$ cat start-v5.cif   # mmCIF, C-alpha atoms
data_work
#
loop_
_atom_site.label_atom_id
_atom_site.label_comp_id
_atom_site.auth_asym_id
_atom_site.auth_seq_id
_atom_site.Cartn_x
_atom_site.Cartn_y
_atom_site.Cartn_z
CA MET O 25 46.17 13.50 -2.71
CA LYS O 26 46.20 11.49 0.51
CA SER O 27 43.13 13.32 1.88
CA LEU O 28 41.32 12.80 -1.45
CA ASN O 29 41.90 9.02 -1.17
CA LYS O 30 40.62 9.07 2.42
CA LEU O 31 37.54 11.03 1.31
CA THR O 32 36.90 8.60 -1.54
CA LEU O 33 37.26 5.66 0.84
CA LEU O 34 34.91 7.32 3.35
CA ILE O 35 32.26 7.99 0.67
CA ALA O 36 32.52 4.42 -0.64
CA THR O 37 32.16 3.04 2.89
CA ILE O 38 29.06 5.15 3.52
CA LEU O 39 27.50 4.17 0.20
CA PHE O 40 28.09 0.47 0.82
CA SER O 41 26.73 0.66 4.36
CA ILE O 42 23.48 2.24 3.20
CA ASN O 43 21.12 -0.63 2.63
CA ILE O 44 19.10 0.37 -0.41
CA SER O 45 17.92 -2.27 -2.79
CA ALA O 46 15.60 -2.17 -5.76
CA GLN O 47 15.90 -5.81 -6.69
CA ASP O 48 12.74 -7.46 -7.99
CA VAL O 49 12.05 -11.06 -6.98
CA TYR O 50 9.34 -13.58 -7.78
CA TRP O 51 7.77 -15.70 -5.11
CA GLY O 52 5.06 -17.99 -6.31
CA SER O 53 3.51 -16.29 -9.30
CA TYR O 54 3.76 -12.77 -7.88
CA LYS O 55 6.42 -10.12 -8.06
CA TYR O 56 7.94 -8.26 -5.11
CA ARG O 57 10.55 -5.53 -4.77
CA ILE O 58 13.06 -5.70 -1.96
CA ILE O 59 12.82 -2.56 0.16
CA SER O 60 15.62 -3.48 2.54
CA THR O 61 17.82 -6.52 2.96
CA LYS O 62 18.75 -5.27 6.42
CA SER O 63 15.18 -5.11 7.76
CA LYS O 64 14.10 -7.94 5.40
CA THR O 65 11.13 -6.10 3.93
CA VAL O 66 9.50 -6.16 0.50
CA GLU O 67 6.66 -4.48 -1.34
CA PHE O 68 4.15 -6.28 -3.52
CA ILE O 69 4.49 -4.96 -7.09
CA GLY O 70 2.32 -7.34 -9.08
CA GLY O 71 2.98 -9.93 -11.70
CA LEU O 72 -0.77 -10.23 -12.18
CA SER O 73 -2.57 -11.15 -15.36
CA THR O 74 -5.46 -9.04 -16.63
CA SER O 75 -7.80 -11.96 -15.87
CA THR O 76 -6.92 -12.02 -12.15
CA GLU O 77 -10.08 -11.96 -10.00
CA SER O 78 -8.78 -12.65 -6.50
CA VAL O 79 -5.42 -12.15 -4.79
CA THR O 80 -4.19 -13.13 -1.34
CA ILE O 81 -0.93 -11.47 -0.42
CA PRO O 82 1.18 -13.40 2.10
CA GLN O 83 2.70 -11.94 5.28
CA THR O 84 6.16 -13.12 4.27
CA ILE O 85 8.03 -14.47 1.29
CA LYS O 86 11.26 -16.46 1.13
CA TYR O 87 14.29 -14.95 -0.55
CA ASN O 88 17.81 -16.38 -0.25
CA GLU O 89 16.56 -18.82 2.41
CA GLU O 90 15.32 -15.95 4.62
CA ASP O 91 11.85 -14.62 5.41
CA TYR O 92 11.04 -11.14 4.12
CA LYS O 93 8.01 -9.30 5.49
CA VAL O 94 5.52 -7.83 2.97
CA VAL O 95 4.95 -4.27 4.25
CA ARG O 96 3.75 -2.27 1.27
CA ILE O 97 1.53 -2.40 -1.80
CA ALA O 98 3.31 -0.42 -4.51
CA GLY O 99 1.54 2.37 -6.35
CA TYR O 100 -0.38 1.40 -9.50
CA THR O 101 -0.05 -2.34 -8.73
CA PHE O 102 -3.68 -3.28 -9.41
CA LYS O 103 -4.56 -0.26 -11.56
CA SER O 104 -7.10 -0.99 -14.29
CA LEU O 105 -7.42 -4.71 -13.54
CA SER O 106 -11.12 -4.69 -14.41
CA LYS O 107 -11.73 -8.37 -13.50
CA LEU O 108 -10.22 -8.01 -10.02
CA LYS O 109 -12.94 -8.48 -7.38
CA GLU O 110 -11.22 -9.28 -4.09
CA VAL O 111 -7.84 -8.72 -2.44
CA THR O 112 -6.78 -10.10 0.93
CA LEU O 113 -4.02 -8.13 2.64
CA PRO O 114 -1.87 -9.47 5.51
CA ASN O 115 -1.61 -7.63 8.81
CA THR O 116 2.01 -6.77 7.97
CA ILE O 117 1.02 -4.14 5.38
CA LYS O 118 1.86 -0.59 6.52
CA SER O 119 1.28 1.32 3.29
CA ILE O 120 -0.94 1.21 0.21
CA GLY O 121 0.63 3.19 -2.63
CA ASP O 122 -0.83 5.93 -4.83
CA TYR O 123 -3.45 4.66 -7.28
CA ALA O 124 -2.76 1.06 -6.17
CA PHE O 125 -6.31 -0.13 -6.98
CA SER O 126 -7.42 2.74 -9.19
CA ASN O 127 -9.91 1.88 -11.93
CA SER O 128 -9.91 -1.78 -10.98
CA GLY O 129 -13.00 -3.95 -10.55
CA LEU O 130 -12.24 -4.31 -6.81
CA LYS O 131 -15.42 -5.02 -4.82
CA SER O 132 -14.04 -6.26 -1.51
CA ILE O 133 -11.00 -5.46 0.60
CA ASN O 134 -10.31 -5.50 4.31
CA ILE O 135 -7.69 -2.91 5.16
CA PRO O 136 -5.71 -4.38 8.07
CA SER O 137 -5.23 -2.38 11.26
CA SER O 138 -1.48 -2.30 10.53
CA VAL O 139 -2.00 0.17 7.64
CA GLU O 140 -0.78 3.70 8.39
CA VAL O 141 -0.78 5.24 4.89
CA ILE O 142 -3.30 5.00 2.07
CA GLY O 143 -1.95 6.90 -0.93
CA THR O 144 -3.57 9.44 -3.20
CA GLY O 145 -6.23 7.92 -5.44
CA ALA O 146 -5.55 4.45 -4.01
CA PHE O 147 -9.13 3.27 -4.52
CA ASN O 148 -10.47 5.79 -7.01
CA ASN O 149 -13.12 4.45 -9.38
CA CYS O 150 -13.35 1.05 -7.66
CA ASN O 151 -16.52 -0.96 -7.11
CA ILE O 152 -16.26 -1.24 -3.31
CA SER O 153 -19.49 -0.69 -1.38
CA ALA O 154 -18.08 -0.39 2.16
CA ILE O 155 -14.70 0.47 3.63
CA LYS O 156 -13.26 0.65 7.14
CA ILE O 157 -10.33 3.02 7.66
CA PRO O 158 -7.96 1.69 10.38
CA SER O 159 -7.14 3.86 13.39
CA ASP O 160 -3.46 4.30 12.48
CA VAL O 161 -4.34 6.06 9.21
CA LYS O 162 -3.98 9.78 9.97
CA ILE O 163 -4.62 11.25 6.51
CA ILE O 164 -7.08 10.33 3.78
CA TYR O 165 -5.32 11.79 0.77
CA PRO O 166 -6.95 13.59 -2.18
CA SER O 167 -9.04 11.41 -4.47
CA THR O 168 -8.47 8.30 -2.35
CA PHE O 169 -12.04 7.12 -2.99
CA TYR O 170 -12.89 9.48 -5.84
CA GLY O 171 -15.55 8.10 -8.16
CA CYS O 172 -16.36 5.00 -6.11
CA SER O 173 -19.93 5.08 -7.33
CA ASN O 174 -20.96 1.99 -5.33
CA LEU O 175 -19.47 3.16 -2.02
CA ARG O 176 -22.28 3.37 0.55
CA THR O 177 -20.62 3.12 3.97
CA VAL O 178 -17.33 4.45 5.35
CA THR O 179 -16.24 3.62 8.90
CA ILE O 180 -13.41 5.67 10.36
CA SER O 181 -11.68 4.05 13.35
CA GLY O 182 -9.18 6.74 14.34
CA TYR O 183 -9.70 9.62 16.74
CA LYS O 184 -7.67 12.16 14.81
CA MET O 185 -7.74 12.14 11.05
CA GLU O 186 -7.25 14.62 8.24
CA ILE O 187 -9.51 14.20 5.22
CA ARG O 188 -8.05 15.94 2.20
CA THR O 189 -9.82 17.60 -0.72
CA SER O 190 -11.96 15.39 -2.96
CA ALA O 191 -11.24 12.26 -0.92
CA PHE O 192 -14.85 11.12 -1.42
CA SER O 193 -15.87 13.18 -4.47
CA GLY O 194 -18.03 11.32 -6.94
CA CYS O 195 -19.24 8.82 -4.33
CA TYR O 196 -22.86 9.52 -5.20
CA THR O 197 -24.34 6.55 -3.34
CA LEU O 198 -22.51 7.31 -0.08
CA GLU O 199 -25.11 7.00 2.67
CA SER O 200 -23.03 7.23 5.84
CA ILE O 201 -19.63 7.98 7.25
CA ARG O 202 -19.29 6.49 10.73
CA ILE O 203 -16.92 8.45 12.93
CA PRO O 204 -16.22 7.54 16.58
CA ASP O 205 -17.34 10.01 19.26
CA GLY O 206 -14.56 12.41 20.19
CA THR O 207 -12.86 12.23 16.79
CA THR O 208 -11.08 15.34 15.60
CA LEU O 209 -11.25 15.82 11.86
CA ILE O 210 -8.65 18.26 10.63
#

$ encode --input "start-v5.cif" --output "structure tokens"
Amino acid sequence: MKSLNKLTLLIATILFSINISAQDVYWGSYKYRIISTKSKTVEFIGGLSTSTESVTIPQTIKYNEEDYKVVRIAGYTFKSLSKLKEVTLPNTIKSIGDYAFSNSGLKSINIPSSVEVIGTGAFNNCNISAIKIPSDVKIIYPSTFYGCSNLRTVTISGYKMEIRTSAFSGCYTLESIRIPDGTTLI
């Protein structure tokens, strides 16, 4: 019985020391999800109306009198927002989730150099005409730009990048993909 109590205490201690949080908070008119209170990071999860045309996501938000860094755009956040035209991302963003902008009216976005991951279908069926992929992105996942019928120019900044199946399928107006000399495409 004594060892069972010690085991229970040990498990409880481990569980309480793990810093996992799924708390949603509002800052301004937008909604964020706390990723970690320890590292003070959040992801942008929306709170947008269907009439939203332009969004500027801040580098940090305040929560409990402390600054939290915005490091991720959650999957499906802007999906199907047909009036959305422009999104400005801070240079703190590391990840853009699966289908984050899918089927939206997005025409303009600058992906900051801080981005390392762009999820599956993140921009599929958007209205963007040009995109620059930052050097830290190592994989362009399936269907990332699928059906972007206005996409004409893609600029890849990295020297080693994997482009997965159908990443650019349905981009019928694509005229050029600029790849730096010496780039290895896997």

$ resolve_selection --input "start-v5.cif" --expression "the PyMOL selection byres ((chain O and resi 188) around 9)" --output "ChimeraX atom specification"
/O:163-168,186-187,189-191,210

$ closest_residue --input "start-v5.cif" --among "O:Leu175, O:Ala124, O:Ile81, O:Val141" --to "Thr101 (chain O)" --atoms "all atoms listed in the file"
O:Ala124

$ residues_around --input "start-v5.cif" --residues "Trp51 (chain O)" --least-positions-apart "5" --cutoff "9 Å" --atoms "all atoms listed in the file" --output "list in words"
Tyr56, Ile85, Lys86 and Tyr87 of chain O

$ residues_around --input "start-v5.cif" --residues "region 144-154 of chain O" --least-positions-apart "2" --cutoff "10 Å" --atoms "only C-alpha atoms" --output "ChimeraX atom specification"
/O:99-104,106,108-110,120-134,141-142,156,163-179,188,190-195,197-198,200-201

$ write_last_selection --input "start-v5.cif" --atoms "C-alpha atoms" --output "PDB file, keeping the file's coordinate frame"
ATOM      1  CA  GLY O  99       1.540   2.370  -6.350  1.00  0.00           C
ATOM      2  CA  TYR O 100      -0.380   1.400  -9.500  1.00  0.00           C
ATOM      3  CA  THR O 101      -0.050  -2.340  -8.730  1.00  0.00           C
ATOM      4  CA  PHE O 102      -3.680  -3.280  -9.410  1.00  0.00           C
ATOM      5  CA  LYS O 103      -4.560  -0.260 -11.560  1.00  0.00           C
ATOM      6  CA  SER O 104      -7.100  -0.990 -14.290  1.00  0.00           C
ATOM      7  CA  SER O 106     -11.120  -4.690 -14.410  1.00  0.00           C
ATOM      8  CA  LEU O 108     -10.220  -8.010 -10.020  1.00  0.00           C
ATOM      9  CA  LYS O 109     -12.940  -8.480  -7.380  1.00  0.00           C
ATOM     10  CA  GLU O 110     -11.220  -9.280  -4.090  1.00  0.00           C
ATOM     11  CA  ILE O 120      -0.940   1.210   0.210  1.00  0.00           C
ATOM     12  CA  GLY O 121       0.630   3.190  -2.630  1.00  0.00           C
ATOM     13  CA  ASP O 122      -0.830   5.930  -4.830  1.00  0.00           C
ATOM     14  CA  TYR O 123      -3.450   4.660  -7.280  1.00  0.00           C
ATOM     15  CA  ALA O 124      -2.760   1.060  -6.170  1.00  0.00           C
ATOM     16  CA  PHE O 125      -6.310  -0.130  -6.980  1.00  0.00           C
ATOM     17  CA  SER O 126      -7.420   2.740  -9.190  1.00  0.00           C
ATOM     18  CA  ASN O 127      -9.910   1.880 -11.930  1.00  0.00           C
ATOM     19  CA  SER O 128      -9.910  -1.780 -10.980  1.00  0.00           C
ATOM     20  CA  GLY O 129     -13.000  -3.950 -10.550  1.00  0.00           C
ATOM     21  CA  LEU O 130     -12.240  -4.310  -6.810  1.00  0.00           C
ATOM     22  CA  LYS O 131     -15.420  -5.020  -4.820  1.00  0.00           C
ATOM     23  CA  SER O 132     -14.040  -6.260  -1.510  1.00  0.00           C
ATOM     24  CA  ILE O 133     -11.000  -5.460   0.600  1.00  0.00           C
ATOM     25  CA  ASN O 134     -10.310  -5.500   4.310  1.00  0.00           C
ATOM     26  CA  VAL O 141      -0.780   5.240   4.890  1.00  0.00           C
ATOM     27  CA  ILE O 142      -3.300   5.000   2.070  1.00  0.00           C
ATOM     28  CA  LYS O 156     -13.260   0.650   7.140  1.00  0.00           C
ATOM     29  CA  ILE O 163      -4.620  11.250   6.510  1.00  0.00           C
ATOM     30  CA  ILE O 164      -7.080  10.330   3.780  1.00  0.00           C
ATOM     31  CA  TYR O 165      -5.320  11.790   0.770  1.00  0.00           C
ATOM     32  CA  PRO O 166      -6.950  13.590  -2.180  1.00  0.00           C
ATOM     33  CA  SER O 167      -9.040  11.410  -4.470  1.00  0.00           C
ATOM     34  CA  THR O 168      -8.470   8.300  -2.350  1.00  0.00           C
ATOM     35  CA  PHE O 169     -12.040   7.120  -2.990  1.00  0.00           C
ATOM     36  CA  TYR O 170     -12.890   9.480  -5.840  1.00  0.00           C
ATOM     37  CA  GLY O 171     -15.550   8.100  -8.160  1.00  0.00           C
ATOM     38  CA  CYS O 172     -16.360   5.000  -6.110  1.00  0.00           C
ATOM     39  CA  SER O 173     -19.930   5.080  -7.330  1.00  0.00           C
ATOM     40  CA  ASN O 174     -20.960   1.990  -5.330  1.00  0.00           C
ATOM     41  CA  LEU O 175     -19.470   3.160  -2.020  1.00  0.00           C
ATOM     42  CA  ARG O 176     -22.280   3.370   0.550  1.00  0.00           C
ATOM     43  CA  THR O 177     -20.620   3.120   3.970  1.00  0.00           C
ATOM     44  CA  VAL O 178     -17.330   4.450   5.350  1.00  0.00           C
ATOM     45  CA  THR O 179     -16.240   3.620   8.900  1.00  0.00           C
ATOM     46  CA  ARG O 188      -8.050  15.940   2.200  1.00  0.00           C
ATOM     47  CA  SER O 190     -11.960  15.390  -2.960  1.00  0.00           C
ATOM     48  CA  ALA O 191     -11.240  12.260  -0.920  1.00  0.00           C
ATOM     49  CA  PHE O 192     -14.850  11.120  -1.420  1.00  0.00           C
ATOM     50  CA  SER O 193     -15.870  13.180  -4.470  1.00  0.00           C
ATOM     51  CA  GLY O 194     -18.030  11.320  -6.940  1.00  0.00           C
ATOM     52  CA  CYS O 195     -19.240   8.820  -4.330  1.00  0.00           C
ATOM     53  CA  THR O 197     -24.340   6.550  -3.340  1.00  0.00           C
ATOM     54  CA  LEU O 198     -22.510   7.310  -0.080  1.00  0.00           C
ATOM     55  CA  SER O 200     -23.030   7.230   5.840  1.00  0.00           C
ATOM     56  CA  ILE O 201     -19.630   7.980   7.250  1.00  0.00           C
TER      57      ILE O 201
END

$ residues_around --input "start-v5.cif" --residues "Val95 (chain O)" --least-positions-apart "5" --cutoff "10 Å" --atoms "all atoms listed in the file" --output "compact mmCIF listing (two decimals) with C-alpha atoms, in the frame of the given file"
# COMPACT_ATOMS: atom_id res chain seq x y z
CA ILE O 59 12.82 -2.56 0.16
CA LYS O 64 14.10 -7.94 5.40
CA THR O 65 11.13 -6.10 3.93
CA VAL O 66 9.50 -6.16 0.50
CA GLU O 67 6.66 -4.48 -1.34
CA PHE O 68 4.15 -6.28 -3.52
CA GLN O 83 2.70 -11.94 5.28
CA THR O 84 6.16 -13.12 4.27
CA LEU O 113 -4.02 -8.13 2.64
CA PRO O 114 -1.87 -9.47 5.51
CA ASN O 115 -1.61 -7.63 8.81
CA THR O 116 2.01 -6.77 7.97
CA ILE O 117 1.02 -4.14 5.38
CA LYS O 118 1.86 -0.59 6.52
CA SER O 119 1.28 1.32 3.29
CA ILE O 120 -0.94 1.21 0.21
CA SER O 138 -1.48 -2.30 10.53
CA VAL O 139 -2.00 0.17 7.64

$ atom_distance --input "start-v5.cif" --atom1 "CA of Asn88 (chain O)" --atom2 "CA of Leu72 (chain O)"
22.9 Å

$ axis_aligned_box --input "start-v5.cif" --around "region 156-170 of chain O" --padding-each-side "3 Å" --output "lines of an AutoDock Vina configuration file"
center_x = -8.4
center_y = 7.1
center_z = 3.8
size_x = 15.8
size_y = 18.9
size_z = 25.2

$ atom_distance --input "start-v5.cif" --atom1 "CA of Gly143 (chain O)" --atom2 "CA of Gly182 (chain O)"
16.9 Å

$ atom_distance --input "start-v5.cif" --atom1 "CA of Gly70 (chain O)" --atom2 "CA of Tyr54 (chain O)"
5.7 Å
